[in-house]
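J.: The structure file upload_33.txt (compact mmCIF, C-alpha atoms) is provided below.
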# COMPACT_ATOMS: atom_id res chain seq x y z
CA MET Y 986 -2.05 16.08 -30.78
CA ALA Y 987 -1.21 17.24 -27.28
CA GLY Y 988 -1.35 20.70 -25.83
CA PRO Y 989 -2.89 22.84 -23.12
CA ASN Y 990 -6.49 23.95 -23.12
CA ALA Y 991 -7.30 26.74 -25.61
CA ALA Y 992 -4.17 25.95 -27.64
CA GLY Y 993 -6.17 25.16 -30.79
CA LYS Y 994 -6.39 21.36 -30.77
CA THR Y 995 -10.15 21.32 -31.23
CA ASN Y 996 -9.85 23.94 -33.98
CA LEU Y 997 -7.70 21.54 -35.98
CA LEU Y 998 -10.23 18.74 -35.63
CA GLU Y 999 -13.00 21.20 -36.43
CA ALA Y 1000 -11.26 22.02 -39.71
CA LEU Y 1001 -11.37 18.33 -40.65
CA VAL Y 1002 -15.06 18.21 -39.75
CA VAL Y 1003 -15.68 21.18 -42.06
CA LEU Y 1004 -13.89 19.35 -44.88
CA SER Y 1005 -16.06 16.28 -44.36
CA ARG Y 1006 -19.42 17.99 -43.73
CA GLY Y 1007 -19.18 21.52 -45.06
CA GLY Y 1008 -19.82 22.95 -41.60
CA SER Y 1009 -18.72 22.79 -37.99
CA HIS Y 1010 -19.99 20.40 -35.34
CA ARG Y 1011 -19.86 23.21 -32.76
CA THR Y 1012 -21.79 25.99 -34.49
CA THR Y 1013 -24.23 26.43 -37.35
CA THR Y 1014 -22.86 29.88 -38.14
CA ASP Y 1015 -19.92 29.76 -40.55
CA ALA Y 1016 -18.88 33.32 -39.67
CA GLU Y 1017 -17.89 32.09 -36.20
CA LEU Y 1018 -15.15 29.99 -37.82
CA ILE Y 1019 -13.40 33.04 -39.26
CA THR Y 1020 -10.79 34.82 -37.16
CA TRP Y 1021 -12.10 38.21 -36.08
CA GLY Y 1022 -11.06 40.84 -38.60
CA ASP Y 1023 -9.95 38.37 -41.28
CA PRO Y 1024 -11.66 38.59 -44.70
CA PHE Y 1025 -12.13 34.80 -45.01
CA ALA Y 1026 -11.09 31.36 -43.76
CA ARG Y 1027 -9.70 28.68 -46.07
CA ILE Y 1028 -9.32 24.97 -45.33
CA GLU Y 1029 -7.74 22.51 -47.72
CA GLY Y 1030 -7.05 18.80 -47.38
CA ALA Y 1031 -5.87 15.88 -49.48
CA VAL Y 1032 -7.84 12.65 -49.08
CA THR Y 1033 -6.60 9.22 -50.12
CA GLY Y 1034 -8.10 5.79 -49.72
CA ALA Y 1035 -7.30 2.22 -50.63
CA SER Y 1036 -10.31 1.91 -52.94
CA ALA Y 1037 -10.46 5.42 -54.37
CA SER Y 1038 -8.17 7.87 -56.09
CA SER Y 1039 -6.82 10.86 -54.21
CA SER Y 1040 -8.86 14.02 -54.05
CA THR Y 1041 -8.32 17.54 -52.82
CA ILE Y 1042 -11.06 19.34 -50.92
CA GLU Y 1043 -11.10 23.08 -50.40
CA VAL Y 1044 -13.62 25.03 -48.32
CA VAL Y 1045 -13.54 28.83 -48.24
CA LEU Y 1046 -15.75 30.63 -45.72
CA VAL Y 1047 -16.58 34.29 -46.27
CA PRO Y 1048 -18.36 36.46 -43.68
CA PRO Y 1049 -21.73 38.11 -44.36
CA GLY Y 1050 -21.50 41.39 -46.23
CA SER Y 1051 -18.37 40.39 -48.12
CA PRO Y 1052 -17.91 42.11 -51.52
CA SER Y 1053 -17.76 38.63 -53.09
CA GLY Y 1054 -21.40 38.11 -52.20
CA SER Y 1055 -20.71 34.48 -51.31
CA ARG Y 1056 -20.43 33.01 -47.83
CA LYS Y 1057 -19.06 29.57 -48.68
CA ARG Y 1058 -17.17 28.14 -51.64
CA ILE Y 1059 -16.43 24.44 -51.95
CA ARG Y 1060 -14.18 22.76 -54.50
CA VAL Y 1061 -13.36 19.09 -54.93
CA ASN Y 1062 -10.37 18.51 -57.22
CA GLY Y 1063 -10.71 22.14 -58.30
CA VAL Y 1064 -14.36 21.81 -59.35
CA ALA Y 1065 -17.03 23.84 -57.58
CA ARG Y 1066 -19.39 21.55 -55.69
CA ARG Y 1067 -22.18 21.69 -53.12
CA ALA Y 1068 -21.60 20.81 -49.48
CA SER Y 1069 -23.80 17.73 -49.94
CA VAL Y 1070 -20.99 15.92 -51.82
CA LEU Y 1071 -18.48 16.21 -48.96
CA PRO Y 1072 -19.72 13.35 -46.74
CA GLY Y 1073 -19.18 10.96 -49.63
CA ALA Y 1074 -15.75 12.39 -50.49
CA PHE Y 1075 -14.30 12.38 -46.98
CA ARG Y 1076 -15.89 10.28 -44.24
CA THR Y 1077 -15.18 10.90 -40.58
CA VAL Y 1078 -16.52 9.75 -37.24
CA LEU Y 1079 -16.16 12.34 -34.50
CA PHE Y 1080 -16.09 11.53 -30.80
CA ALA Y 1081 -16.11 14.75 -28.76
CA PRO Y 1082 -16.77 15.56 -25.09
CA GLU Y 1083 -20.31 16.74 -25.84
CA HIS Y 1084 -21.11 13.22 -27.07
CA MET Y 1085 -20.81 12.05 -23.46
CA GLN Y 1086 -24.33 13.45 -23.05
CA LEU Y 1087 -25.68 11.50 -26.02
CA VAL Y 1088 -27.87 9.15 -23.97
CA VAL Y 1089 -29.36 11.66 -21.51
CA GLY Y 1090 -28.82 15.00 -23.26
CA SER Y 1091 -30.96 16.96 -25.68
CA PRO Y 1092 -32.78 15.07 -28.46
CA SER Y 1093 -31.12 17.43 -30.95
CA LEU Y 1094 -27.76 15.88 -30.05
CA ARG Y 1095 -29.04 12.42 -30.94
CA ARG Y 1096 -30.78 13.62 -34.12
CA THR Y 1097 -27.60 15.35 -35.27
CA SER Y 1098 -25.48 12.29 -34.61
CA LEU Y 1099 -27.84 10.04 -36.56
CA ASP Y 1100 -28.27 12.52 -39.42
CA THR Y 1101 -24.51 12.92 -39.76
CA LEU Y 1102 -24.30 9.17 -40.32
CA VAL Y 1103 -27.23 9.23 -42.76
CA THR Y 1104 -25.55 11.90 -44.91
CA GLN Y 1105 -22.46 9.72 -45.24
CA LEU Y 1106 -24.52 6.76 -46.40
CA VAL Y 1107 -27.08 8.54 -48.63
CA PRO Y 1108 -25.58 11.01 -51.16
CA THR Y 1109 -28.79 13.06 -51.49
CA ALA Y 1110 -29.58 13.28 -47.78
CA SER Y 1111 -27.78 16.57 -47.07
CA ALA Y 1112 -29.70 18.40 -49.78
CA THR Y 1113 -33.02 16.93 -48.62
CA MET Y 1114 -32.36 17.91 -44.99
CA ALA Y 1115 -31.49 21.45 -46.05
CA THR Y 1116 -34.69 21.69 -48.09
CA TYR Y 1117 -36.71 20.41 -45.14
CA ALA Y 1118 -35.11 22.94 -42.79
CA ARG Y 1119 -35.94 25.82 -45.14
CA ALA Y 1120 -39.53 24.60 -45.56
CA LEU Y 1121 -39.88 24.30 -41.79
CA VAL Y 1122 -38.83 27.92 -41.27
CA GLN Y 1123 -41.28 29.14 -43.91
CA ARG Y 1124 -44.13 27.03 -42.53
CA ASN Y 1125 -43.54 28.24 -38.98
CA ASN Y 1126 -43.51 31.84 -40.17
CA LEU Y 1127 -46.80 31.25 -41.98
CA LEU Y 1128 -48.36 29.59 -38.93
CA ARG Y 1129 -47.58 32.66 -36.86
CA ARG Y 1130 -49.14 34.89 -39.51
CA ILE Y 1131 -52.26 32.69 -39.53
CA ARG Y 1132 -52.44 32.95 -35.74
CA GLU Y 1133 -52.32 36.73 -36.11
CA GLU Y 1134 -55.04 36.52 -38.80
CA ALA Y 1135 -52.65 37.94 -41.36
CA ALA Y 1136 -52.82 34.86 -43.63
CA ALA Y 1137 -55.29 32.11 -44.54
CA ARG Y 1138 -54.94 28.44 -43.62
CA ASP Y 1139 -55.08 27.25 -47.22
CA GLU Y 1140 -51.70 28.91 -47.78
CA LEU Y 1141 -50.21 26.04 -45.77
CA ARG Y 1142 -50.79 23.51 -48.54
CA PHE Y 1143 -47.54 24.21 -50.36
CA TRP Y 1144 -45.41 23.95 -47.22
CA ASP Y 1145 -47.37 20.95 -45.99
CA GLN Y 1146 -46.38 19.12 -49.15
CA ALA Y 1147 -42.72 19.99 -48.61
CA ILE Y 1148 -42.84 18.78 -45.01
CA VAL Y 1149 -44.50 15.53 -46.06
CA THR Y 1150 -42.25 14.82 -49.06
CA GLU Y 1151 -38.88 15.80 -47.61
CA GLY Y 1152 -39.79 14.76 -44.07
CA GLY Y 1153 -40.93 11.34 -45.26
CA ARG Y 1154 -37.56 10.75 -46.92
CA ILE Y 1155 -35.67 11.79 -43.80
CA ALA Y 1156 -37.82 9.55 -41.59
CA ARG Y 1157 -37.29 6.59 -43.93
CA TRP Y 1158 -33.52 7.11 -44.12
CA ARG Y 1159 -33.23 7.34 -40.35
CA THR Y 1160 -35.14 4.10 -39.86
CA GLU Y 1161 -33.15 2.30 -42.55
CA THR Y 1162 -29.85 3.55 -41.15
CA LEU Y 1163 -30.66 2.37 -37.64
CA ALA Y 1164 -31.67 -1.00 -39.06
CA ALA Y 1165 -28.30 -1.28 -40.80
CA LEU Y 1166 -26.55 -0.18 -37.62
CA ALA Y 1167 -28.38 -2.66 -35.38
CA ASP Y 1168 -25.93 -5.56 -35.55
CA PRO Y 1169 -22.71 -3.45 -35.48
CA LEU Y 1170 -24.12 -1.58 -32.46
CA ALA Y 1171 -25.07 -4.75 -30.61
CA ASP Y 1172 -21.72 -6.38 -31.43
CA ALA Y 1173 -19.68 -3.35 -30.32
CA HIS Y 1174 -21.62 -3.18 -27.07
CA ALA Y 1175 -21.37 -6.92 -26.41
CA ARG Y 1176 -17.58 -6.81 -26.69
CA MET Y 1177 -17.46 -4.28 -23.84
CA ALA Y 1178 -20.40 -5.52 -21.76
CA PRO Y 1179 -20.92 -9.21 -22.57
CA ASP Y 1180 -23.19 -9.80 -19.56
CA GLU Y 1181 -25.71 -7.08 -20.46
CA GLU Y 1182 -28.73 -7.30 -22.73
CA ARG Y 1183 -28.60 -6.35 -26.40
CA LEU Y 1184 -28.19 -2.60 -27.02
CA VAL Y 1185 -30.75 -1.18 -29.43
CA ALA Y 1186 -31.20 2.31 -30.89
CA ALA Y 1187 -34.63 3.22 -32.26
CA VAL Y 1188 -36.36 6.33 -33.57
CA VAL Y 1189 -39.04 7.79 -31.31
CA SER Y 1190 -41.48 9.84 -33.38
CA ASN Y 1191 -44.77 11.65 -32.86
CA ALA Y 1192 -45.50 10.87 -36.51
CA ALA Y 1193 -44.74 7.16 -36.49
CA PRO Y 1194 -46.46 5.20 -39.29
CA ALA Y 1195 -49.40 3.03 -38.28
CA ALA Y 1196 -49.84 -0.41 -39.79
CA GLY Y 1197 -49.86 -0.12 -43.57
CA GLU Y 1198 -48.80 3.54 -43.60
CA THR Y 1199 -45.75 5.02 -45.28
CA PRO Y 1200 -43.80 7.80 -43.50
CA GLU Y 1201 -45.50 10.25 -45.87
CA ASP Y 1202 -48.94 8.88 -44.98
CA ALA Y 1203 -48.17 9.26 -41.28
CA LEU Y 1204 -46.98 12.86 -41.66
CA THR Y 1205 -50.08 13.77 -43.67
CA ARG Y 1206 -52.33 12.27 -41.00
CA ARG Y 1207 -50.53 13.92 -38.11
CA LEU Y 1208 -50.49 17.35 -39.77
CA LEU Y 1209 -54.27 17.13 -40.05
CA GLU Y 1210 -54.63 15.96 -36.45
CA THR Y 1211 -52.49 18.78 -35.04
CA ALA Y 1212 -53.64 21.57 -37.38
CA ASP Y 1213 -55.49 23.64 -34.78
CA LYS Y 1214 -52.81 23.18 -32.14
CA GLU Y 1215 -50.10 24.23 -34.60
CA VAL Y 1216 -51.90 27.47 -35.40
CA TRP Y 1217 -52.34 28.14 -31.68
CA ASN Y 1218 -48.60 27.53 -31.07
CA GLY Y 1219 -47.38 29.12 -34.29
CA ALA Y 1220 -45.06 26.19 -34.86
CA THR Y 1221 -44.89 22.85 -36.68
CA LEU Y 1222 -45.35 20.23 -34.00
CA VAL Y 1223 -44.81 16.99 -35.94
CA GLY Y 1224 -42.04 15.86 -38.27
CA PRO Y 1225 -38.43 14.70 -38.22
CA HIS Y 1226 -37.33 17.87 -36.38
CA ARG Y 1227 -39.29 16.61 -33.36
CA ASP Y 1228 -38.00 13.02 -33.49
CA ASP Y 1229 -35.68 11.45 -30.94
CA VAL Y 1230 -33.46 8.38 -30.74
CA ALA Y 1231 -33.82 6.07 -27.74
CA PHE Y 1232 -31.08 3.75 -26.55
CA ARG Y 1233 -32.44 0.63 -24.92
CA LEU Y 1234 -31.07 -2.43 -23.16
CA GLY Y 1235 -33.74 -5.00 -23.77
CA ASP Y 1236 -36.99 -3.12 -23.26
CA ARG Y 1237 -35.56 -0.52 -20.85
CA ASP Y 1238 -34.67 3.02 -21.89
CA LEU Y 1239 -31.08 3.79 -20.90
CA ALA Y 1240 -31.87 7.44 -20.22
CA GLY Y 1241 -34.09 6.41 -17.31
CA PHE Y 1242 -32.00 3.86 -15.44
CA ALA Y 1243 -28.45 3.50 -16.77
CA SER Y 1244 -25.41 4.17 -14.62
CA ARG Y 1245 -22.77 6.56 -15.89
CA GLY Y 1246 -20.65 3.57 -16.89
CA GLN Y 1247 -23.51 1.98 -18.83
CA GLN Y 1248 -24.17 5.27 -20.62
CA ARG Y 1249 -20.56 5.62 -21.66
CA THR Y 1250 -20.40 2.02 -22.84
CA ALA Y 1251 -23.45 2.65 -25.04
CA ILE Y 1252 -22.00 5.90 -26.39
CA LEU Y 1253 -18.67 4.29 -27.23
CA ALA Y 1254 -20.49 1.37 -28.90
CA TRP Y 1255 -22.53 3.89 -30.94
CA GLN Y 1256 -19.39 5.58 -32.26
CA LEU Y 1257 -17.54 2.35 -32.98
CA ALA Y 1258 -20.59 0.85 -34.71
CA GLN Y 1259 -20.58 3.83 -37.08
CA LEU Y 1260 -16.96 3.06 -37.93
CA ASP Y 1261 -17.91 -0.53 -38.79
CA LEU Y 1262 -20.94 0.45 -40.87
CA LEU Y 1263 -19.13 3.16 -42.86
CA THR Y 1264 -16.20 0.83 -43.53
CA ARG Y 1265 -18.61 -1.56 -45.27
CA VAL Y 1266 -19.47 1.12 -47.86
CA ASP Y 1267 -16.27 0.65 -49.87
CA GLY Y 1268 -13.81 -1.06 -47.55
CA ASP Y 1269 -12.14 2.20 -46.48
CA PRO Y 1270 -12.55 2.99 -42.78
CA PRO Y 1271 -13.45 6.62 -42.07
CA VAL Y 1272 -10.99 8.78 -40.19
CA LEU Y 1273 -11.72 8.63 -36.47
CA LEU Y 1274 -11.50 12.02 -34.73
CA LEU Y 1275 -11.21 11.87 -30.94
CA ASP Y 1276 -11.35 15.22 -29.19
CA ASP Y 1277 -9.96 14.87 -25.67
CA VAL Y 1278 -12.27 12.01 -24.69
CA PHE Y 1279 -9.77 9.57 -23.17
CA SER Y 1280 -9.88 11.42 -19.86
CA GLU Y 1281 -13.67 10.81 -19.81
CA LEU Y 1282 -13.31 7.02 -20.02
CA ASP Y 1283 -12.40 4.49 -17.37
CA PRO Y 1284 -9.36 2.21 -17.91
CA ASP Y 1285 -11.35 -0.67 -19.42
CA ARG Y 1286 -13.08 1.52 -21.98
CA ARG Y 1287 -9.83 3.32 -22.78
CA SER Y 1288 -8.17 -0.02 -23.47
CA HIS Y 1289 -11.00 -1.13 -25.73
CA LEU Y 1290 -10.83 2.11 -27.69
CA VAL Y 1291 -7.05 1.83 -28.01
CA ARG Y 1292 -7.40 -1.63 -29.51
CA ARG Y 1293 -9.91 -0.34 -32.05
CA ILE Y 1294 -7.69 2.62 -32.96
CA ALA Y 1295 -4.77 0.28 -33.53
CA ASP Y 1296 -6.75 -1.45 -36.30
CA LEU Y 1297 -7.49 1.79 -38.20
CA PRO Y 1298 -5.40 3.28 -41.00
CA GLN Y 1299 -5.76 6.72 -39.42
CA ALA Y 1300 -7.14 8.25 -36.26
CA ILE Y 1301 -6.49 11.72 -34.91
CA VAL Y 1302 -6.55 12.12 -31.14
CA THR Y 1303 -6.30 15.28 -29.06
CA THR Y 1304 -5.34 15.37 -25.40
CA THR Y 1305 -4.01 17.87 -22.90
CA THR Y 1306 -1.23 15.47 -21.95
CA LEU Y 1307 0.15 12.33 -23.53
CA ALA Y 1308 0.03 10.73 -20.07
CA ASP Y 1309 -3.74 10.34 -20.54
CA LEU Y 1310 -3.12 7.97 -23.43
CA ASP Y 1311 -2.12 4.34 -23.40
CA PRO Y 1312 1.71 4.15 -23.67
CA ALA Y 1313 1.44 1.55 -26.45
CA LEU Y 1314 -0.78 3.91 -28.45
CA VAL Y 1315 1.69 6.77 -27.98
CA ARG Y 1316 4.57 4.60 -29.15
CA ALA Y 1317 2.67 3.57 -32.29
CA SER Y 1318 1.59 7.13 -33.11
CA THR Y 1319 3.08 10.31 -34.46
CA ALA Y 1320 2.82 12.89 -31.69
CA TRP Y 1321 2.40 16.61 -32.32
CA ARG Y 1322 2.65 19.41 -29.80
CA VAL Y 1323 0.02 22.14 -30.24
CA THR Y 1324 0.59 25.59 -28.78
CA PRO Y 1325 -1.24 28.83 -29.64
CA GLY Y 1326 -0.25 29.63 -33.22
CA SER Y 1327 1.93 26.57 -33.92
CA VAL Y 1328 1.93 22.81 -34.40
CA GLU Y 1329 5.25 20.98 -34.04
CA ARG Y 1330 6.35 17.38 -34.04
CA ALA Y 1331 6.73 16.24 -30.43
CA GLY Y 1332 9.94 14.61 -29.40
Show me the file's structure as C-alpha cells.

T.:
Amino acid sequence: MAGPNAAGKTNLLEALVVLSRGGSHRTTTDAELITWGDPFARIEGAVTGASASSSTIEVVLVPPGSPSGSRKRIRVNGVARRASVLPGAFRTVLFAPEHMQLVVGSPSLRRTSLDTLVTQLVPTASATMATYARALVQRNNLLRRIREEAAARDELRFWDQAIVTEGGRIARWRTETLAALADPLADAHARMAPDEERLVAAVVSNAAPAAGETPEDALTRRLLETADKEVWNGATLVGPHRDDVAFRLGDRDLAGFASRGQQRTAILAWQLAQLDLLTRVDGDPPVLLLDDVFSELDPDRRSHLVRRIADLPQAIVTTTTLADLDPALVRASTAWRVTPGSVERAG
C-alpha cells in the first residue's frame, strides 16, 4: 500500500493488528480507535490458512458511556469470544518504525514485543497477563494506602498471591519462548551478519530464580525482601512488569556498544525469527505487516527482507512511495494507492 503521510496506511495495518490481538499496537485505549463523533468502530476480516478452515473475525469497539454498556465485542464465526482467542485465530508479525528502537529503547517496548509472541504461542497467556495487570493495579493502590496508614500490611496477602501465581506463569512463558526462539534468532542473524558472534535474547529480571527455585519461589522471596521499600514507594517493585529483554552478541549487551547497523540487523533478525517460530506451530506462516520500514533499512537489509517476503503466502507492506521498494517485489505484488478516505488498486 502506497500513499502520502497521514493518508491512512497505518490505520489499515492497525485494523489487522486489532483483529489479531483485540487491541492496537499504538494505544491501549480502544476509544482512540473510533472516529470522533462516531458511535462505534467495526472491523471484520476473513482468515484462511492451508492447515485450517476459514474463519471470520469481527471486532466492534464502543466508546465509554455508550447506551450498550459494552466497550468491545468480539465474534469469531459469529460466536462471541474473548480477546484472548484472537492470537490463535489470526497470527501476525508486525514490523513498525517504533521497533527500530527495540534494542536501545524503553524496556516496555521489548516486553510488549516478547509478550505479543507469547500470546500467539500460549492460548491462555492473554487472560493471565490481563489478570496480572489488574492485580498489579490493585496491589499498588493498596501499597499507597498502607503508606498513608489507611490500610494494614496483612491486606497484601491476597494480591501477593495473585502476583506470585500469575507472575510466575508469565515469567516461565517468557523464558520458554526465548528458549524456543534461540535457534531461529541466531540463524536469522547469521544469514545477515555471518562474521559476527551468535545473537542471543535473554530475560533480565530483578526476580530471577536462584538455583533450585521456581519462578513462583523467586517472586515470593523477592516480595519479602522488598516489602519495606515497596510500602515506602507505594508501588510493586518486582515482577514481570519490571523485566527487560537484553540482546547480546556473545557476552556483550548490544544496547551498550552496537552500531546503528548492528542494532537494525538484530531487530530484523528478531522479527524474522518470530515468523519462523510461529510457522512451526501448524505450518501456516503468520501474515507479515510492514509499516513503512523499508526506508529505515540499508540496501543489504532491504534485499534480505525482500527475499524473505517472497517466500511468504502473504505480507502487507506500506510505503510513501513504491520507489522505496525493490522493483522485483513491486512486480510480484498487488499495489494499492491509499489516499484520505479511499483505497484503490494502483496501476

J.: Using only C-alpha atoms, which residue out of Y:Ala1065, Y:Leu1094, Y:Gln1146, Y:Thr1077 lies closest to Arg1011 in chain Y?

T.: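 Selected residue with least distance to Arg1011 in chain Y: Y:Leu1094.
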
J.: Show me a table, sorted first by chain and then by increasing residue number, of the residues of range 1084-1142 of chain Y having an atom at most 7 Å from range 1197-1217 of chain Y, each with its shortest atom pair and the distance in Å to one decimal, counting all atoms listed in the file and written as a tab-separated table.

T.:
residue	atom	partner	partner_atom	distance
Y:Leu1128	CA	Y:Val1216	CA	5.4
Y:Arg1129	CA	Y:Val1216	CA	6.9
Y:Ile1131	CA	Y:Val1216	CA	6.7
Y:Arg1132	CA	Y:Val1216	CA	5.5

J.: Y:Ala1068, Y:Leu1310, Y:Ala1193, Y:Ala1026: which is nearest Gly1153 in chain Y, counting all atoms listed in the file?

T.: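 Smallest distance to Gly1153 in chain Y is found for Y:Ala1193.
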
J.: Considering all atoms listed in the file, return as a tab-separated table (two decimals) with C-alpha atoms, in the coordinates of the input whatever protein or nucleic-acid residues lie within 8 Å of Arg1027 in chain Y, sequence-local ones (same chain, fewer than 3 positions apart) excluded.

T.:
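What landed in around10.tsv:
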chain	number	residue	atom	x	y	z
Y	1043	GLU	CA	-11.10	23.08	-50.40
Y	1044	VAL	CA	-13.62	25.03	-48.32
Y	1045	VAL	CA	-13.54	28.83	-48.24
Y	1046	LEU	CA	-15.75	30.63	-45.72

J.: From the set Y:Pro1072, Y:Pro1108, Y:Gly1219, Y:Gly1246, which residue has the shortest atom-to-atom contact distance to Arg1130 in chain Y, counting only C-alpha atoms?

T.: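 With only C-alpha atoms as the atom set, the closest residue is Y:Gly1219.
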
J.: Find the residues of range 1166-1245 of chain Y that sit at most 12 Å from range 1271-1294 of chain Y; for each, write down the nearest two atoms and how far apart they are in Å, to one decimal. Count only C-alpha atoms. Sort by chain, then by number going up, and give it as CSV.

T.:
residue,atom,partner,partner_atom,distance
Y:Ala1173,CA,Y:His1289,CA,10.1
Y:His1174,CA,Y:His1289,CA,10.9
Y:Ala1175,CA,Y:His1289,CA,11.9
Y:Arg1176,CA,Y:His1289,CA,8.7
Y:Met1177,CA,Y:His1289,CA,7.4
Y:Ala1178,CA,Y:Arg1286,CA,10.2
Y:Arg1245,CA,Y:Leu1282,CA,10.3

J.: Convert the current residue selection to file output with C-alpha atoms, as a PDB file, keeping the file's coordinate frame.

T.:
ATOM      1  CA  ALA Y1173     -19.680  -3.350 -30.320  1.00  0.00           C
ATOM      2  CA  HIS Y1174     -21.620  -3.180 -27.070  1.00  0.00           C
ATOM      3  CA  ALA Y1175     -21.370  -6.920 -26.410  1.00  0.00           C
ATOM      4  CA  ARG Y1176     -17.580  -6.810 -26.690  1.00  0.00           C
ATOM      5  CA  MET Y1177     -17.460  -4.280 -23.840  1.00  0.00           C
ATOM      6  CA  ALA Y1178     -20.400  -5.520 -21.760  1.00  0.00           C
ATOM      7  CA  ARG Y1245     -22.770   6.560 -15.890  1.00  0.00           C
TER       8      ARG Y1245
END

J.: Would you mind listing what lies within 9 Å of Gly1063 in chain Y as a PyMOL selection string, with all atoms listed in the file counted and same-chain residues fewer than 4 positions away left out?

T.: chain Y and resi 1041-1043+1059

J.: So, counting all atoms listed in the file, which residue among Y:Pro1092, Y:Pro1179, Y:Pro1312, Y:Pro1169 is closest to Gln1259 in chain Y?

T.: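 Looking at the shortest contact to Gln1259 in chain Y, the residue is Y:Pro1169.
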
J.: Env of Leu1307 in chain Y: 10 Å cut, atoms = only C-alpha atoms, seq-sep filter 5 positions within chain, self excluded. Answer as a ChimeraX atom specification.

T.: /Y:986-988,1312,1314-1315,1320,1322

J.: Kindly provide, as a list in words, the polymer residues lying within 9 Å of (-10.5, 22.0, -21.9), counting all atoms listed in the file and using the coordinates exactly as they appear in the file.

T.: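 Every polymer residue passing the test: Pro989, Asn990, Ala991, Asp1277 and Thr1305 of chain Y.
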
J.: Of the candidates Y:Thr1014, Y:Thr1160, Y:Gln1248, Y:Thr1033, which shows the shortest atom-to-atom distance to Asp1269 in chain Y, using only C-alpha atoms?

T.: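 Checking each candidate against Asp1269 in chain Y, we get Y:Thr1033 as the closest.
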
J.: Please, could N, CA and C atoms be added to range 1278-1292 of chain Y and the result written as a CSV table (one decimal), in the frame of the given file?

T.:
chain,number,residue,atom,x,y,z
Y,1278,VAL,N,-11.2,12.8,-25.4
Y,1278,VAL,CA,-12.3,12.0,-24.7
Y,1278,VAL,C,-11.7,10.9,-23.8
Y,1279,PHE,N,-10.4,10.7,-24.0
Y,1279,PHE,CA,-9.8,9.6,-23.2
Y,1279,PHE,C,-9.9,9.8,-21.7
Y,1280,SER,N,-9.8,11.1,-21.3
Y,1280,SER,CA,-9.9,11.4,-19.9
Y,1280,SER,C,-11.3,11.2,-19.3
Y,1281,GLU,N,-12.3,11.1,-20.2
Y,1281,GLU,CA,-13.7,10.8,-19.8
Y,1281,GLU,C,-14.0,9.3,-19.6
Y,1282,LEU,N,-13.0,8.5,-20.0
Y,1282,LEU,CA,-13.3,7.0,-20.0
Y,1282,LEU,C,-12.5,6.3,-18.9
Y,1283,ASP,N,-13.1,5.3,-18.4
Y,1283,ASP,CA,-12.4,4.5,-17.4
Y,1283,ASP,C,-11.4,3.6,-18.1
Y,1284,PRO,N,-10.5,3.0,-17.3
Y,1284,PRO,CA,-9.4,2.2,-17.9
Y,1284,PRO,C,-9.8,1.1,-18.9
Y,1285,ASP,N,-10.9,0.4,-18.5
Y,1285,ASP,CA,-11.4,-0.7,-19.4
Y,1285,ASP,C,-11.8,-0.1,-20.8
Y,1286,ARG,N,-12.6,0.9,-20.7
Y,1286,ARG,CA,-13.1,1.5,-22.0
Y,1286,ARG,C,-11.9,2.2,-22.8
Y,1287,ARG,N,-11.0,2.8,-22.1
Y,1287,ARG,CA,-9.8,3.3,-22.8
Y,1287,ARG,C,-9.1,2.2,-23.5
Y,1288,SER,N,-8.9,1.1,-22.8
Y,1288,SER,CA,-8.2,0.0,-23.5
Y,1288,SER,C,-8.9,-0.5,-24.7
Y,1289,HIS,N,-10.2,-0.7,-24.6
Y,1289,HIS,CA,-11.0,-1.1,-25.7
Y,1289,HIS,C,-10.9,-0.2,-26.9
Y,1290,LEU,N,-10.9,1.1,-26.6
Y,1290,LEU,CA,-10.8,2.1,-27.7
Y,1290,LEU,C,-9.4,2.1,-28.3
Y,1291,VAL,N,-8.4,1.9,-27.5
Y,1291,VAL,CA,-7.0,1.8,-28.0
Y,1291,VAL,C,-6.9,0.7,-29.0
Y,1292,ARG,N,-7.5,-0.5,-28.6
Y,1292,ARG,CA,-7.4,-1.6,-29.5
Y,1292,ARG,C,-8.1,-1.3,-30.8
